[in-house]
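Text of run.txt, listed as compact mmCIF, N, CA and C atoms:
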# COMPACT_ATOMS: atom_id res chain seq x y z
N MET A 1 -38.43 78.28 14.19
CA MET A 1 -39.22 78.38 12.97
C MET A 1 -40.35 79.38 13.21
N ALA A 2 -40.52 80.29 12.29
CA ALA A 2 -41.56 81.30 12.41
C ALA A 2 -42.92 80.68 12.18
N LYS A 3 -43.88 81.17 12.93
CA LYS A 3 -45.25 80.68 12.81
C LYS A 3 -45.88 81.28 11.56
N LEU A 4 -46.49 80.43 10.73
CA LEU A 4 -47.13 80.90 9.50
C LEU A 4 -48.53 81.41 9.81
N THR A 5 -48.92 82.49 9.13
CA THR A 5 -50.27 83.01 9.30
C THR A 5 -51.23 82.15 8.48
N GLN A 6 -52.50 82.33 8.73
CA GLN A 6 -53.51 81.57 7.99
C GLN A 6 -53.43 81.88 6.49
N ASP A 7 -53.20 83.14 6.15
CA ASP A 7 -53.09 83.51 4.74
C ASP A 7 -51.88 82.87 4.08
N GLU A 8 -50.77 82.78 4.81
CA GLU A 8 -49.57 82.14 4.27
C GLU A 8 -49.79 80.65 4.05
N LEU A 9 -50.50 80.01 4.99
CA LEU A 9 -50.82 78.60 4.82
C LEU A 9 -51.72 78.38 3.61
N LEU A 10 -52.73 79.22 3.47
CA LEU A 10 -53.64 79.09 2.32
C LEU A 10 -52.88 79.30 1.01
N ALA A 11 -51.94 80.21 0.99
CA ALA A 11 -51.14 80.44 -0.21
C ALA A 11 -50.34 79.19 -0.56
N GLN A 12 -49.82 78.50 0.45
CA GLN A 12 -49.08 77.26 0.21
C GLN A 12 -49.99 76.18 -0.35
N PHE A 13 -51.21 76.06 0.21
CA PHE A 13 -52.15 75.05 -0.26
C PHE A 13 -52.61 75.33 -1.68
N GLU A 14 -52.69 76.60 -2.06
CA GLU A 14 -53.11 76.97 -3.41
C GLU A 14 -52.18 76.38 -4.47
N GLY A 15 -50.92 76.29 -4.15
CA GLY A 15 -49.94 75.80 -5.10
C GLY A 15 -49.87 74.28 -5.20
N MET A 16 -50.67 73.58 -4.40
CA MET A 16 -50.60 72.12 -4.39
C MET A 16 -51.64 71.52 -5.33
N THR A 17 -51.33 70.34 -5.84
CA THR A 17 -52.30 69.61 -6.65
C THR A 17 -53.29 68.92 -5.71
N LEU A 18 -54.38 68.44 -6.27
CA LEU A 18 -55.38 67.75 -5.46
C LEU A 18 -54.82 66.49 -4.81
N ILE A 19 -53.97 65.81 -5.52
CA ILE A 19 -53.37 64.59 -4.97
C ILE A 19 -52.46 64.95 -3.79
N GLU A 20 -51.67 66.02 -3.94
CA GLU A 20 -50.80 66.45 -2.86
C GLU A 20 -51.63 66.87 -1.64
N LEU A 21 -52.74 67.59 -1.88
CA LEU A 21 -53.61 68.00 -0.78
C LEU A 21 -54.22 66.80 -0.08
N SER A 22 -54.63 65.81 -0.88
CA SER A 22 -55.21 64.60 -0.30
C SER A 22 -54.19 63.90 0.59
N GLU A 23 -52.96 63.80 0.12
CA GLU A 23 -51.91 63.17 0.92
C GLU A 23 -51.63 63.96 2.19
N PHE A 24 -51.67 65.31 2.08
CA PHE A 24 -51.46 66.15 3.25
C PHE A 24 -52.55 65.92 4.29
N VAL A 25 -53.80 65.86 3.84
CA VAL A 25 -54.93 65.65 4.76
C VAL A 25 -54.77 64.32 5.48
N LYS A 26 -54.38 63.27 4.75
CA LYS A 26 -54.17 61.96 5.37
C LYS A 26 -53.07 62.03 6.44
N ALA A 27 -51.97 62.69 6.09
CA ALA A 27 -50.85 62.82 7.04
C ALA A 27 -51.28 63.64 8.26
N PHE A 28 -52.05 64.70 8.03
CA PHE A 28 -52.54 65.54 9.12
C PHE A 28 -53.44 64.73 10.06
N GLU A 29 -54.34 63.95 9.46
CA GLU A 29 -55.24 63.12 10.25
C GLU A 29 -54.47 62.12 11.11
N GLU A 30 -53.44 61.50 10.52
CA GLU A 30 -52.65 60.53 11.26
C GLU A 30 -51.84 61.19 12.37
N LYS A 31 -51.22 62.32 12.07
CA LYS A 31 -50.36 63.02 13.03
C LYS A 31 -51.15 63.48 14.25
N PHE A 32 -52.35 64.03 14.03
CA PHE A 32 -53.13 64.60 15.12
C PHE A 32 -54.31 63.73 15.54
N ASP A 33 -54.37 62.53 14.98
CA ASP A 33 -55.41 61.57 15.33
C ASP A 33 -56.81 62.18 15.25
N VAL A 34 -57.09 62.83 14.09
CA VAL A 34 -58.40 63.43 13.83
C VAL A 34 -58.89 62.96 12.47
N THR A 35 -60.14 63.23 12.20
CA THR A 35 -60.72 62.91 10.90
C THR A 35 -61.35 64.17 10.33
N ALA A 36 -61.01 64.52 9.10
CA ALA A 36 -61.54 65.73 8.48
C ALA A 36 -63.05 65.64 8.34
N ALA A 37 -63.59 64.48 8.05
CA ALA A 37 -65.03 64.31 7.90
C ALA A 37 -65.73 64.57 9.21
N ALA A 38 -65.16 64.15 10.32
CA ALA A 38 -65.76 64.36 11.63
C ALA A 38 -65.80 65.84 11.96
N ALA A 39 -64.78 66.58 11.55
CA ALA A 39 -64.76 68.02 11.80
C ALA A 39 -65.88 68.71 11.05
N ALA A 40 -66.15 68.27 9.85
CA ALA A 40 -67.23 68.88 9.06
C ALA A 40 -68.57 68.61 9.71
N VAL A 41 -68.75 67.43 10.28
CA VAL A 41 -70.01 67.09 10.95
C VAL A 41 -70.14 67.92 12.22
N ALA A 42 -69.04 68.11 12.94
CA ALA A 42 -69.09 68.87 14.17
C ALA A 42 -69.46 70.33 13.89
N VAL A 43 -68.95 70.89 12.82
CA VAL A 43 -69.27 72.27 12.45
C VAL A 43 -70.72 72.39 12.01
N ALA A 44 -71.20 71.40 11.27
CA ALA A 44 -72.56 71.45 10.77
C ALA A 44 -73.58 71.21 11.88
N GLY A 45 -73.17 70.54 12.93
CA GLY A 45 -74.08 70.26 14.02
C GLY A 45 -74.87 69.00 13.74
N PRO A 46 -75.75 68.61 14.66
CA PRO A 46 -76.53 67.40 14.44
C PRO A 46 -77.48 67.59 13.26
N ALA A 47 -77.51 66.60 12.40
CA ALA A 47 -78.34 66.69 11.20
C ALA A 47 -79.45 65.67 11.26
N GLY A 48 -80.63 66.11 10.95
CA GLY A 48 -81.78 65.21 10.88
C GLY A 48 -81.96 64.72 9.47
N PRO A 49 -82.99 63.93 9.21
CA PRO A 49 -83.25 63.42 7.86
C PRO A 49 -83.47 64.54 6.84
N ALA A 50 -84.05 65.65 7.24
CA ALA A 50 -84.30 66.75 6.31
C ALA A 50 -83.00 67.38 5.85
N ALA A 51 -81.98 67.40 6.69
CA ALA A 51 -80.71 68.00 6.33
C ALA A 51 -79.94 67.13 5.35
N ALA A 52 -80.15 65.83 5.37
CA ALA A 52 -79.42 64.92 4.48
C ALA A 52 -79.99 64.97 3.07
N ALA A 53 -81.23 65.25 2.89
CA ALA A 53 -81.87 65.23 1.58
C ALA A 53 -81.28 66.24 0.59
N PRO A 54 -81.00 67.50 0.96
CA PRO A 54 -80.46 68.44 -0.02
C PRO A 54 -79.09 68.02 -0.56
N ALA A 55 -78.30 67.31 0.22
CA ALA A 55 -76.98 66.89 -0.24
C ALA A 55 -77.09 65.93 -1.42
N GLU A 56 -78.18 65.19 -1.53
CA GLU A 56 -78.34 64.22 -2.60
C GLU A 56 -78.90 64.83 -3.88
N GLU A 57 -79.44 66.05 -3.80
CA GLU A 57 -80.10 66.65 -4.95
C GLU A 57 -79.16 66.87 -6.12
N GLU A 58 -78.10 67.64 -5.91
CA GLU A 58 -77.21 67.95 -7.01
C GLU A 58 -75.76 67.84 -6.56
N LYS A 59 -75.01 67.05 -7.28
CA LYS A 59 -73.61 66.83 -6.96
C LYS A 59 -72.80 67.92 -7.64
N ASP A 60 -71.94 68.60 -6.89
CA ASP A 60 -71.14 69.66 -7.49
C ASP A 60 -69.64 69.38 -7.45
N GLU A 61 -69.24 68.24 -6.90
CA GLU A 61 -67.84 67.85 -6.91
C GLU A 61 -67.72 66.46 -7.52
N PHE A 62 -66.78 66.32 -8.43
CA PHE A 62 -66.62 65.07 -9.16
C PHE A 62 -65.18 64.60 -9.09
N ASP A 63 -65.00 63.28 -9.16
CA ASP A 63 -63.68 62.67 -9.24
C ASP A 63 -63.54 62.02 -10.61
N VAL A 64 -62.40 62.21 -11.25
CA VAL A 64 -62.12 61.56 -12.53
C VAL A 64 -61.18 60.40 -12.24
N ILE A 65 -61.67 59.17 -12.49
CA ILE A 65 -60.94 57.95 -12.18
C ILE A 65 -60.41 57.33 -13.47
N LEU A 66 -59.11 57.12 -13.54
CA LEU A 66 -58.50 56.43 -14.67
C LEU A 66 -58.70 54.94 -14.44
N THR A 67 -59.46 54.29 -15.33
CA THR A 67 -59.72 52.86 -15.16
C THR A 67 -58.80 52.00 -16.01
N GLY A 68 -58.20 52.56 -17.04
CA GLY A 68 -57.27 51.81 -17.87
C GLY A 68 -56.50 52.73 -18.80
N ALA A 69 -55.25 52.39 -19.12
CA ALA A 69 -54.41 53.25 -19.95
C ALA A 69 -54.63 53.03 -21.44
N GLY A 70 -55.13 51.87 -21.83
CA GLY A 70 -55.32 51.60 -23.24
C GLY A 70 -54.01 51.31 -23.94
N ASP A 71 -54.01 51.46 -25.26
CA ASP A 71 -52.83 51.13 -26.05
C ASP A 71 -51.77 52.23 -26.07
N LYS A 72 -52.19 53.46 -25.84
CA LYS A 72 -51.28 54.61 -25.93
C LYS A 72 -50.90 55.10 -24.53
N LYS A 73 -50.20 54.26 -23.80
CA LYS A 73 -49.86 54.53 -22.41
C LYS A 73 -49.03 55.81 -22.26
N ILE A 74 -48.10 56.04 -23.16
CA ILE A 74 -47.24 57.23 -23.07
C ILE A 74 -48.07 58.50 -23.23
N GLN A 75 -49.03 58.49 -24.17
CA GLN A 75 -49.89 59.65 -24.35
C GLN A 75 -50.73 59.90 -23.09
N VAL A 76 -51.21 58.83 -22.49
CA VAL A 76 -52.02 58.95 -21.27
C VAL A 76 -51.18 59.54 -20.14
N ILE A 77 -49.93 59.10 -20.02
CA ILE A 77 -49.04 59.65 -18.99
C ILE A 77 -48.84 61.15 -19.22
N LYS A 78 -48.66 61.56 -20.46
CA LYS A 78 -48.50 62.99 -20.77
C LYS A 78 -49.72 63.78 -20.34
N VAL A 79 -50.90 63.26 -20.62
CA VAL A 79 -52.14 63.96 -20.25
C VAL A 79 -52.28 64.02 -18.73
N VAL A 80 -51.96 62.93 -18.05
CA VAL A 80 -52.02 62.91 -16.58
C VAL A 80 -51.08 63.97 -16.02
N ARG A 81 -49.90 64.11 -16.58
CA ARG A 81 -48.95 65.12 -16.12
C ARG A 81 -49.52 66.53 -16.32
N GLU A 82 -50.19 66.75 -17.46
CA GLU A 82 -50.78 68.06 -17.72
C GLU A 82 -51.90 68.37 -16.73
N LEU A 83 -52.70 67.37 -16.43
CA LEU A 83 -53.85 67.59 -15.55
C LEU A 83 -53.46 67.76 -14.08
N THR A 84 -52.38 67.10 -13.66
CA THR A 84 -52.06 67.06 -12.24
C THR A 84 -50.77 67.77 -11.88
N SER A 85 -49.94 68.10 -12.82
CA SER A 85 -48.61 68.66 -12.60
C SER A 85 -47.72 67.71 -11.79
N LEU A 86 -47.96 66.40 -11.96
CA LEU A 86 -47.10 65.39 -11.34
C LEU A 86 -45.82 65.25 -12.15
N GLY A 87 -44.81 64.72 -11.54
CA GLY A 87 -43.58 64.40 -12.25
C GLY A 87 -43.78 63.16 -13.11
N LEU A 88 -42.81 62.85 -13.94
CA LEU A 88 -42.92 61.72 -14.86
C LEU A 88 -43.11 60.40 -14.11
N LYS A 89 -42.32 60.16 -13.09
CA LYS A 89 -42.42 58.90 -12.35
C LYS A 89 -43.77 58.77 -11.65
N GLU A 90 -44.22 59.85 -11.01
CA GLU A 90 -45.51 59.82 -10.30
C GLU A 90 -46.66 59.58 -11.27
N ALA A 91 -46.61 60.26 -12.43
CA ALA A 91 -47.67 60.08 -13.42
C ALA A 91 -47.66 58.65 -13.97
N LYS A 92 -46.47 58.11 -14.22
CA LYS A 92 -46.37 56.73 -14.71
C LYS A 92 -46.91 55.75 -13.67
N ASP A 93 -46.56 55.97 -12.40
CA ASP A 93 -47.06 55.11 -11.32
C ASP A 93 -48.58 55.18 -11.22
N LEU A 94 -49.13 56.37 -11.40
CA LEU A 94 -50.59 56.53 -11.34
C LEU A 94 -51.24 55.75 -12.48
N VAL A 95 -50.69 55.87 -13.69
CA VAL A 95 -51.25 55.18 -14.85
C VAL A 95 -51.09 53.66 -14.68
N ASP A 96 -49.93 53.23 -14.21
CA ASP A 96 -49.69 51.79 -14.01
C ASP A 96 -50.60 51.21 -12.92
N GLY A 97 -50.96 52.03 -11.94
CA GLY A 97 -51.76 51.57 -10.82
C GLY A 97 -53.26 51.69 -11.02
N ALA A 98 -53.69 51.95 -12.27
CA ALA A 98 -55.12 52.14 -12.53
C ALA A 98 -55.90 50.93 -12.06
N PRO A 99 -57.08 51.09 -11.52
CA PRO A 99 -57.87 52.32 -11.45
C PRO A 99 -57.43 53.21 -10.28
N LYS A 100 -57.22 54.47 -10.60
CA LYS A 100 -56.81 55.48 -9.62
C LYS A 100 -57.42 56.81 -9.99
N PRO A 101 -57.70 57.66 -8.99
CA PRO A 101 -58.22 59.00 -9.30
C PRO A 101 -57.11 59.88 -9.87
N VAL A 102 -57.46 60.59 -10.93
CA VAL A 102 -56.50 61.52 -11.54
C VAL A 102 -56.72 62.91 -10.95
N VAL A 103 -57.97 63.38 -10.99
CA VAL A 103 -58.33 64.64 -10.34
C VAL A 103 -59.52 64.37 -9.44
N GLU A 104 -59.55 65.04 -8.30
CA GLU A 104 -60.60 64.81 -7.32
C GLU A 104 -61.26 66.12 -6.92
N LYS A 105 -62.55 66.03 -6.62
CA LYS A 105 -63.34 67.15 -6.11
C LYS A 105 -63.23 68.39 -6.99
N VAL A 106 -63.50 68.19 -8.28
CA VAL A 106 -63.53 69.31 -9.22
C VAL A 106 -64.97 69.51 -9.69
N ASN A 107 -65.23 70.67 -10.29
CA ASN A 107 -66.58 70.92 -10.78
C ASN A 107 -66.86 70.10 -12.04
N LYS A 108 -68.10 70.09 -12.47
CA LYS A 108 -68.54 69.27 -13.59
C LYS A 108 -67.76 69.60 -14.86
N GLU A 109 -67.56 70.89 -15.12
CA GLU A 109 -66.87 71.31 -16.34
C GLU A 109 -65.42 70.81 -16.36
N ALA A 110 -64.71 70.95 -15.25
CA ALA A 110 -63.32 70.49 -15.17
C ALA A 110 -63.25 68.97 -15.29
N ALA A 111 -64.21 68.27 -14.68
CA ALA A 111 -64.24 66.80 -14.77
C ALA A 111 -64.47 66.36 -16.21
N ASP A 112 -65.38 67.03 -16.93
CA ASP A 112 -65.65 66.69 -18.32
C ASP A 112 -64.42 66.94 -19.20
N LYS A 113 -63.72 68.06 -18.96
CA LYS A 113 -62.52 68.37 -19.75
C LYS A 113 -61.43 67.33 -19.50
N ALA A 114 -61.24 66.94 -18.24
CA ALA A 114 -60.23 65.93 -17.91
C ALA A 114 -60.58 64.60 -18.54
N LYS A 115 -61.86 64.23 -18.47
CA LYS A 115 -62.31 62.96 -19.06
C LYS A 115 -62.07 62.97 -20.57
N GLU A 116 -62.43 64.08 -21.21
CA GLU A 116 -62.26 64.20 -22.67
C GLU A 116 -60.78 64.10 -23.06
N ALA A 117 -59.92 64.76 -22.30
CA ALA A 117 -58.49 64.74 -22.61
C ALA A 117 -57.92 63.32 -22.44
N LEU A 118 -58.30 62.65 -21.37
CA LEU A 118 -57.79 61.30 -21.13
C LEU A 118 -58.32 60.31 -22.17
N GLU A 119 -59.60 60.42 -22.51
CA GLU A 119 -60.17 59.53 -23.52
C GLU A 119 -59.56 59.82 -24.89
N GLY A 120 -59.24 61.08 -25.16
CA GLY A 120 -58.58 61.45 -26.41
C GLY A 120 -57.20 60.81 -26.54
N ALA A 121 -56.55 60.57 -25.41
CA ALA A 121 -55.24 59.94 -25.40
C ALA A 121 -55.35 58.42 -25.43
N GLY A 122 -56.57 57.89 -25.35
CA GLY A 122 -56.76 56.44 -25.45
C GLY A 122 -57.06 55.75 -24.13
N ALA A 123 -57.24 56.50 -23.06
CA ALA A 123 -57.50 55.90 -21.74
C ALA A 123 -58.99 55.65 -21.56
N SER A 124 -59.30 54.74 -20.66
CA SER A 124 -60.69 54.56 -20.25
C SER A 124 -60.86 55.25 -18.90
N VAL A 125 -61.95 56.03 -18.79
CA VAL A 125 -62.11 56.93 -17.65
C VAL A 125 -63.53 56.81 -17.11
N GLU A 126 -63.66 57.04 -15.82
CA GLU A 126 -64.96 57.05 -15.16
C GLU A 126 -65.06 58.31 -14.31
N VAL A 127 -66.20 58.98 -14.36
CA VAL A 127 -66.42 60.17 -13.54
C VAL A 127 -67.41 59.81 -12.45
N LYS A 128 -67.03 60.07 -11.22
CA LYS A 128 -67.91 59.78 -10.07
C LYS A 128 -68.22 61.06 -9.35
Spit out the file's structure as structure tokens when you get a sec.
Amino acid sequence: MAKLTQDELLAQFEGMTLIELSEFVKAFEEKFDVTAAAAAVAVAGPAGPAAAAPAEEEKDEFDVILTGAGDKKIQVIKVVRELTSLGLKEAKDLVDGAPKPVVEKVNKEAADKAKEALEGAGASVEVK
């Protein structure tokens, strides 16, 4: 098997949904017995109390959590498929398994659009 370059790997990750990337990170962590959060701390170096304060000032990544499907479950599944590019079964499983994240680590504007679309379909949604 040919070794992939960093650019080729990034191109592959670009085509993945957030849920797929999240699953990949979990599998990577298990396979190599590492934690992605620990790597970020190691790169940042030791942080004192002053370094922790700016992180709390303004949140720039949001998760949209589906808390309930409501009466129009089929419409909610359609919206979930549009937002995540999941297949029908995966989207149905996500809706049935609520509360579950639909989109993760997106900017405020994308989170608001996702929330509006899901609420328009009759779902109850929470943005964290």
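Here atom C of Asp93 in chain A stands at a distance of 12.0 Å from atom N of Ile74 in chain A.
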So that I can check the surroundings of Leu21 in chain A, please list as a count of residues only every protein, DNA and RNA residue that reaches within 12 Å of it, counting only C-alpha atoms and ignoring chain neighbours fewer than 6 positions away. 11
Would you place a box with edges along x, y and z of the file around all atoms of range 77-95 of chain A listed there, add 8 Å to each of its six sides, and report the centre and edge lengths in Å to one decimal, as AutoDock Vina command-line options?
--center_x -48.1 --center_y 61.2 --center_z -15.5 --size_x 27.5 --size_y 31.0 --size_z 26.5
Write out as a ChimeraX atom specification all residues of chain A that backbone DSSP assigns to strand (DSSP E). /A:62-68,100-106,124-127
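Among the candidates A:Gln75, A:Thr67, A:Ser124, A:Ser22, the residue lying nearest to Lys100 in chain A is A:Thr67 (atoms considered: only C-alpha atoms).
Pairwise distance (CA of Val127 in chain A, atom N of Val64 in chain A) equals 5.1 Å.
With CA of Val95 in chain A on one side and atom C of Met16 in chain A on the other, the separation reads 18.9 Å.
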Write out as a PyMOL selection string each polymer residue whose atoms come within 12 Å of Leu86 in chain A, counting only C-alpha atoms; drop sequence neighbours fewer than 4 positions from it. chain A and resi 16-20+77-82+90-95+102-103
From a DSSP pass on the backbone, collect the residues of chain A flagged as helix (DSSP H, G or I) and hand them back as JSON, numbers by chain. {"A": [6, 7, 8, 9, 10, 11, 12, 13, 14, 18, 19, 20, 21, 22, 23, 24, 25, 26, 27, 28, 29, 30, 31, 32, 36, 37, 38, 39, 40, 41, 42, 43, 44, 49, 50, 51, 52, 53, 54, 55, 56, 57, 73, 74, 75, 76, 77, 78, 79, 80, 81, 82, 83, 84, 88, 89, 90, 91, 92, 93, 94, 95, 96, 108, 109, 110, 111, 112, 113, 114, 115, 116, 117, 118, 119, 120]}
Leaving out Ala123 in chain A and any residue of its chain fewer than 6 positions from it, which residues lie within 7 Å of it when counting all atoms listed in the file, given as a compact mmCIF listing (two decimals) with N, CA and C atoms, keeping the file's coordinate frame?
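Okay, this is what ended up in around29.txt:
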# COMPACT_ATOMS: atom_id res chain seq x y z
N LEU A 66 -59.11 57.12 -13.54
CA LEU A 66 -58.50 56.43 -14.67
C LEU A 66 -58.70 54.94 -14.44
N THR A 67 -59.46 54.29 -15.33
CA THR A 67 -59.72 52.86 -15.16
C THR A 67 -58.80 52.00 -16.01
N GLY A 68 -58.20 52.56 -17.04
CA GLY A 68 -57.27 51.81 -17.87
C GLY A 68 -56.50 52.73 -18.80
N ALA A 69 -55.25 52.39 -19.12
CA ALA A 69 -54.41 53.25 -19.95
C ALA A 69 -54.63 53.03 -21.44
N GLY A 70 -55.13 51.87 -21.83
CA GLY A 70 -55.32 51.60 -23.24
C GLY A 70 -54.01 51.31 -23.94
N ASP A 71 -54.01 51.46 -25.26
CA ASP A 71 -52.83 51.13 -26.05
C ASP A 71 -51.77 52.23 -26.07
N LYS A 72 -52.19 53.46 -25.84
CA LYS A 72 -51.28 54.61 -25.93
C LYS A 72 -50.90 55.10 -24.53
N VAL A 76 -51.21 58.83 -22.49
CA VAL A 76 -52.02 58.95 -21.27
C VAL A 76 -51.18 59.54 -20.14
N ALA A 117 -59.92 64.76 -22.30
CA ALA A 117 -58.49 64.74 -22.61
C ALA A 117 -57.92 63.32 -22.44
Excluding same-chain residues fewer than 3 positions from Lys108 in chain A, what lies within 8 Å of it counting only C-alpha atoms, as a count of residues only? 5
